[in-house]
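Worksheet: the structure to be examined is printed underneath.
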Amino acid sequence: MNPTRQAYAAELAALPQDAWADYLSARSGLPGPRANLTLLDAAADLMSAELALRFAEDADEYLACCGVATLGRLIVEDPAACGLVGLLTGRCCDERWRVREACAIAAQRIGDADAPLLRGLVEAWTSSSDALVVRAGIAAICEPRLLTDPRTAAAALVACRRATEHLLAVPASARRAPGVRTLRQALGYCWSVAVAATPEAGLAAFAALPTDDPDVAWIVRENRKKRRLTALLGS
């Protein structure tokens with residue numbers, strides 16, 4: 001474990017629950033360009049369910065991120081726990097982009113411990129009618145450390161395909177909606193991660209994308225710029 005993360009964990013463990021909010025807020029890195037993700041990880045390792053549920057819906061952005069990230073651990077500990085997956089799914093649509101990123105972090109923590117559970121969650125998310133929930137699905141699974149597992153790598157390709165189909169189903173007049181644009185942006189890098197993890201199937205799926213659609217053409221161009229993909233394409 002990162003020594004700084006260990007130090008944060010030791011300090012958090014020594015604090016009473018009612019002191020966590022002040023401790024986290026004081027070291028959050030916000031306002032600023034980068035939130036303190038090392039502290040977030042330490043908090044998510046240790047935070048109680050009671051505190052996580054409260055923070056996950058907090059108006060403070062960093063506290064909300066810490067609470068949401070903790071949901072991943074809590075779901076692993078008790079996959080049948082009432083409402084946890086629903087709460088995490090709901091936060092995928094949060095208006096704050098950092099909270100949405102915390103949803104992907106939470107899902108990746110699930111994947112680190114239970115790959116089938118992650119795959120099921122991603123399948124559900126990429127079946128959603130909400131573009132931001134679909135986006136959370138591909139952002140969660142398109143993480144290189146998770147894709148060393150062949151089944152998860154295959155699921156990442158399926159997730160990218162389904163997310164692209166979701167985008168294609170959106171009428172041109174609605175493509176500029178914020179959630180749809182956010183999904184498009186994620187597809188602009190997620191495909192390259194999924195393809196790199198399973199090149200044979202991935203390159204075939206990527207080559208089959210319908211570039212007569214302007215948004216898909218943009219997605220293809222963006223992914224082709226990524227080093228992981230240019231190495232496979234030889235360009």
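Ligands are numbered from 1 in the order shown, residues from 1 within each chain, and chains are lettered A, B, ... in the order they appear in the structure tokens.
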So which residues touch A:Ala59 within 12 Å, counting only C-alpha atoms, skipping near sequence neighbours fewer than 6 positions away, as a short mmCIF file (atom, residue, chain, number, x, y, z; two decimals) with N, CA and C atoms, in the first residue's frame?
```cif
data_model
loop_
_atom_site.label_atom_id
_atom_site.label_comp_id
_atom_site.auth_asym_id
_atom_site.auth_seq_id
_atom_site.Cartn_x
_atom_site.Cartn_y
_atom_site.Cartn_z
N CYS A 65 -17.80 12.27 -2.75
CA CYS A 65 -16.91 11.35 -3.47
C CYS A 65 -16.41 10.23 -2.56
N GLY A 67 -17.82 9.07 0.18
CA GLY A 67 -18.92 8.18 0.50
C GLY A 67 -19.26 7.25 -0.65
N ASP A 94 -25.05 12.14 -10.99
CA ASP A 94 -24.82 13.36 -10.23
C ASP A 94 -24.32 14.47 -11.15
N GLU A 95 -24.74 15.69 -10.89
CA GLU A 95 -24.32 16.81 -11.74
C GLU A 95 -22.85 17.14 -11.55
N ARG A 96 -22.22 16.64 -10.49
CA ARG A 96 -20.81 16.92 -10.22
C ARG A 96 -19.95 15.81 -10.84
N VAL A 99 -18.05 13.35 -8.55
CA VAL A 99 -18.90 12.32 -7.93
C VAL A 99 -19.15 11.20 -8.93
#
```
Kindly provide the residues of stretch 16-123 of chain A that approach stretch 141-159 of chain A to within 10 Å, each paired with its closest atom pair and their distance in Å to one decimal, based on only C-alpha atoms, listed by chain and increasing number, as JSON lines.
```
{"residue": "A:Ala104", "atom": "CA", "partner": "A:Ile141", "partner_atom": "CA", "distance": 8.1}
{"residue": "A:Ile105", "atom": "CA", "partner": "A:Glu143", "partner_atom": "CA", "distance": 9.9}
{"residue": "A:Ala107", "atom": "CA", "partner": "A:Ile141", "partner_atom": "CA", "distance": 7.9}
{"residue": "A:Gln108", "atom": "CA", "partner": "A:Ile141", "partner_atom": "CA", "distance": 6.9}
{"residue": "A:Arg109", "atom": "CA", "partner": "A:Leu146", "partner_atom": "CA", "distance": 9.7}
{"residue": "A:Gly111", "atom": "CA", "partner": "A:Leu146", "partner_atom": "CA", "distance": 6.7}
{"residue": "A:Asp112", "atom": "CA", "partner": "A:Leu146", "partner_atom": "CA", "distance": 6.8}
{"residue": "A:Ala115", "atom": "CA", "partner": "A:Thr152", "partner_atom": "CA", "distance": 6.9}
{"residue": "A:Pro116", "atom": "CA", "partner": "A:Thr152", "partner_atom": "CA", "distance": 8.0}
{"residue": "A:Leu118", "atom": "CA", "partner": "A:Ile141", "partner_atom": "CA", "distance": 7.7}
{"residue": "A:Arg119", "atom": "CA", "partner": "A:Thr152", "partner_atom": "CA", "distance": 6.7}
{"residue": "A:Gly120", "atom": "CA", "partner": "A:Ala155", "partner_atom": "CA", "distance": 9.5}
{"residue": "A:Leu121", "atom": "CA", "partner": "A:Ile141", "partner_atom": "CA", "distance": 9.7}
{"residue": "A:Val122", "atom": "CA", "partner": "A:Ile141", "partner_atom": "CA", "distance": 7.1}
{"residue": "A:Glu123", "atom": "CA", "partner": "A:Ala159", "partner_atom": "CA", "distance": 7.0}
```
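Our summary of the geometry notes that atom CA of A:Arg91 is positioned 6.8 Å from atom CA of A:Cys103.
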Next on the checklist: Need to verify the contact set: A:Ala81, 12 Å, only C-alpha atoms, exclusion of same-chain residues closer than 6 positions in sequence. Can you return it as a PyMOL selection string?
Outcome noted: chain A and resi 49+71-75+87
File dump, residues just selected, all heavy atoms, as a CSV table (one decimal), in the first residue's frame:
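As a result, part-v4.csv now contains:
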```csv
chain,number,residue,atom,x,y,z
A,49,ALA,N,-20.4,2.0,7.1
A,49,ALA,CA,-21.5,2.0,6.3
A,49,ALA,C,-22.4,3.2,6.6
A,49,ALA,O,-22.9,3.9,5.7
A,49,ALA,CB,-22.3,0.7,6.4
A,71,LEU,N,-18.9,2.9,-1.3
A,71,LEU,CA,-20.0,1.9,-1.6
A,71,LEU,C,-19.4,0.7,-2.3
A,71,LEU,O,-20.0,-0.4,-2.2
A,71,LEU,CB,-21.0,2.6,-2.5
A,71,LEU,CG,-21.8,3.8,-1.9
A,71,LEU,CD1,-22.7,4.4,-2.9
A,71,LEU,CD2,-22.6,3.3,-0.7
A,72,GLY,N,-18.4,0.8,-3.1
A,72,GLY,CA,-17.8,-0.3,-3.7
A,72,GLY,C,-17.4,-1.4,-2.7
A,72,GLY,O,-17.7,-2.6,-2.9
A,73,ARG,N,-16.7,-1.0,-1.7
A,73,ARG,CA,-16.3,-2.0,-0.7
A,73,ARG,C,-17.5,-2.6,0.0
A,73,ARG,O,-17.5,-3.8,0.3
A,73,ARG,CB,-15.4,-1.3,0.4
A,73,ARG,CG,-14.7,-2.2,1.3
A,73,ARG,CD,-14.1,-1.5,2.6
A,73,ARG,NE,-15.2,-1.4,3.6
A,73,ARG,CZ,-15.5,-0.3,4.2
A,73,ARG,NH1,-14.9,0.8,3.9
A,73,ARG,NH2,-16.5,-0.3,5.1
A,74,LEU,N,-18.5,-1.7,0.4
A,74,LEU,CA,-19.6,-2.2,1.1
A,74,LEU,C,-20.4,-3.2,0.2
A,74,LEU,O,-21.0,-4.2,0.8
A,74,LEU,CB,-20.5,-1.0,1.5
A,74,LEU,CG,-19.9,0.0,2.4
A,74,LEU,CD1,-20.9,1.1,2.7
A,74,LEU,CD2,-19.5,-0.6,3.7
A,75,ILE,N,-20.5,-3.0,-1.1
A,75,ILE,CA,-21.2,-3.9,-1.9
A,75,ILE,C,-20.5,-5.3,-2.0
A,75,ILE,O,-21.1,-6.3,-2.0
A,75,ILE,CB,-21.4,-3.3,-3.3
A,75,ILE,CG1,-22.4,-2.2,-3.3
A,75,ILE,CG2,-21.8,-4.3,-4.4
A,75,ILE,CD1,-22.5,-1.3,-4.5
A,87,LEU,N,-28.2,3.1,-4.9
A,87,LEU,CA,-27.6,4.3,-4.5
A,87,LEU,C,-26.4,4.7,-5.4
A,87,LEU,O,-26.3,5.8,-5.9
A,87,LEU,CB,-27.2,4.3,-3.0
A,87,LEU,CG,-26.5,5.6,-2.5
A,87,LEU,CD1,-27.3,6.8,-2.7
A,87,LEU,CD2,-26.1,5.4,-1.0
```
May I have a table of the residues of stretch 99-163 of chain A lying at most 12 Å from stretch 213-234 of chain A, giving each one's closest pair of atoms and their distance in Å to one decimal, counting only C-alpha atoms, ordered by chain and ascending residue number, as CSV?
```
residue,atom,partner,partner_atom,distance
A:Pro144,CA,A:Arg228,CA,10.8
A:Cys160,CA,A:Ile219,CA,11.1
A:Arg161,CA,A:Val216,CA,11.2
A:Ala163,CA,A:Val216,CA,11.1
```
Hey, can you spit out that residue selection with N, CA, C and O atoms as a compact mmCIF listing (two decimals), in the first residue's frame?
```txt
# COMPACT_ATOMS: atom_id res chain seq x y z
N PRO A 144 -7.23 -0.79 -17.26
CA PRO A 144 -6.29 -1.86 -17.63
C PRO A 144 -6.04 -2.90 -16.55
O PRO A 144 -5.93 -4.10 -16.86
N CYS A 160 -18.42 -1.46 -24.50
CA CYS A 160 -18.16 -0.37 -25.44
C CYS A 160 -19.10 -0.45 -26.63
O CYS A 160 -19.60 0.58 -27.12
N ARG A 161 -19.35 -1.66 -27.11
CA ARG A 161 -20.29 -1.81 -28.24
C ARG A 161 -21.69 -1.35 -27.84
O ARG A 161 -22.35 -0.61 -28.59
N ALA A 163 -22.53 0.69 -25.43
CA ALA A 163 -22.55 2.14 -25.20
C ALA A 163 -22.59 2.89 -26.52
O ALA A 163 -23.26 3.93 -26.64
```
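The space between atom CA of A:Gly179 and atom CA of A:Ala139 spans 13.8 Å.
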Next on the checklist: I'd like the neighbourhood of A:Thr182 as an NGL selection string, where a residue qualifies if any of its atoms comes within 9 Å (using only C-alpha atoms), though same-chain residues fewer than 4 positions away should be ignored.
Outcome noted: :A and (131-132 or 135 or 177-178 or 186-187)
Export, as a PDB file, in the first residue's frame, the selected residues with all heavy atoms.
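Resulting contents of part25.pdb:
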```pdb
ATOM      1  N   ALA A 131     -27.786   8.100 -20.401  1.00  0.00           N
ATOM      2  CA  ALA A 131     -26.434   8.126 -20.968  1.00  0.00           C
ATOM      3  C   ALA A 131     -25.350   8.187 -19.895  1.00  0.00           C
ATOM      4  O   ALA A 131     -24.259   7.628 -20.075  1.00  0.00           O
ATOM      5  CB  ALA A 131     -26.292   9.314 -21.920  1.00  0.00           C
ATOM      6  N   LEU A 132     -25.621   8.862 -18.790  1.00  0.00           N
ATOM      7  CA  LEU A 132     -24.603   8.969 -17.743  1.00  0.00           C
ATOM      8  C   LEU A 132     -24.394   7.635 -17.022  1.00  0.00           C
ATOM      9  O   LEU A 132     -23.283   7.334 -16.587  1.00  0.00           O
ATOM     10  CB  LEU A 132     -24.976  10.064 -16.748  1.00  0.00           C
ATOM     11  CG  LEU A 132     -24.808  11.498 -17.251  1.00  0.00           C
ATOM     12  CD1 LEU A 132     -25.307  12.489 -16.201  1.00  0.00           C
ATOM     13  CD2 LEU A 132     -23.346  11.796 -17.602  1.00  0.00           C
ATOM     14  N   ARG A 135     -22.373   5.620 -19.401  1.00  0.00           N
ATOM     15  CA  ARG A 135     -20.994   6.111 -19.333  1.00  0.00           C
ATOM     16  C   ARG A 135     -20.266   5.541 -18.126  1.00  0.00           C
ATOM     17  O   ARG A 135     -19.093   5.167 -18.215  1.00  0.00           O
ATOM     18  CB  ARG A 135     -21.016   7.641 -19.288  1.00  0.00           C
ATOM     19  CG  ARG A 135     -19.646   8.279 -19.228  1.00  0.00           C
ATOM     20  CD  ARG A 135     -19.257   8.620 -17.823  1.00  0.00           C
ATOM     21  NE  ARG A 135     -17.862   9.057 -17.748  1.00  0.00           N
ATOM     22  CZ  ARG A 135     -17.152   9.096 -16.635  1.00  0.00           C
ATOM     23  NH1 ARG A 135     -17.687   8.733 -15.489  1.00  0.00           N
ATOM     24  NH2 ARG A 135     -15.892   9.489 -16.658  1.00  0.00           N
ATOM     25  N   ALA A 177     -27.020  17.039 -25.815  1.00  0.00           N
ATOM     26  CA  ALA A 177     -27.396  17.004 -24.400  1.00  0.00           C
ATOM     27  C   ALA A 177     -26.159  16.664 -23.569  1.00  0.00           C
ATOM     28  O   ALA A 177     -25.328  15.836 -23.980  1.00  0.00           O
ATOM     29  CB  ALA A 177     -28.482  15.961 -24.176  1.00  0.00           C
ATOM     30  N   PRO A 178     -25.988  17.297 -22.394  1.00  0.00           N
ATOM     31  CA  PRO A 178     -24.758  17.102 -21.618  1.00  0.00           C
ATOM     32  C   PRO A 178     -24.424  15.638 -21.331  1.00  0.00           C
ATOM     33  O   PRO A 178     -23.261  15.220 -21.454  1.00  0.00           O
ATOM     34  CB  PRO A 178     -25.040  17.883 -20.328  1.00  0.00           C
ATOM     35  CG  PRO A 178     -26.008  18.941 -20.738  1.00  0.00           C
ATOM     36  CD  PRO A 178     -26.871  18.308 -21.784  1.00  0.00           C
ATOM     37  N   ALA A 186     -16.323   9.701 -23.126  1.00  0.00           N
ATOM     38  CA  ALA A 186     -15.788   8.468 -22.543  1.00  0.00           C
ATOM     39  C   ALA A 186     -15.493   7.429 -23.623  1.00  0.00           C
ATOM     40  O   ALA A 186     -14.471   6.737 -23.585  1.00  0.00           O
ATOM     41  CB  ALA A 186     -16.767   7.911 -21.518  1.00  0.00           C
ATOM     42  N   LEU A 187     -16.368   7.319 -24.601  1.00  0.00           N
ATOM     43  CA  LEU A 187     -16.130   6.386 -25.699  1.00  0.00           C
ATOM     44  C   LEU A 187     -14.888   6.780 -26.497  1.00  0.00           C
ATOM     45  O   LEU A 187     -14.267   5.928 -27.147  1.00  0.00           O
ATOM     46  CB  LEU A 187     -17.349   6.340 -26.622  1.00  0.00           C
ATOM     47  CG  LEU A 187     -18.539   5.538 -26.079  1.00  0.00           C
ATOM     48  CD1 LEU A 187     -19.807   5.862 -26.878  1.00  0.00           C
ATOM     49  CD2 LEU A 187     -18.242   4.048 -26.117  1.00  0.00           C
TER      50      LEU A 187
END
```
Next on the checklist: With distances taken over only C-alpha atoms, which residue among A:Ala205, A:Ala140, A:Cys93, A:Leu30 lies nearest A:Val180?
Outcome noted: A:Cys93
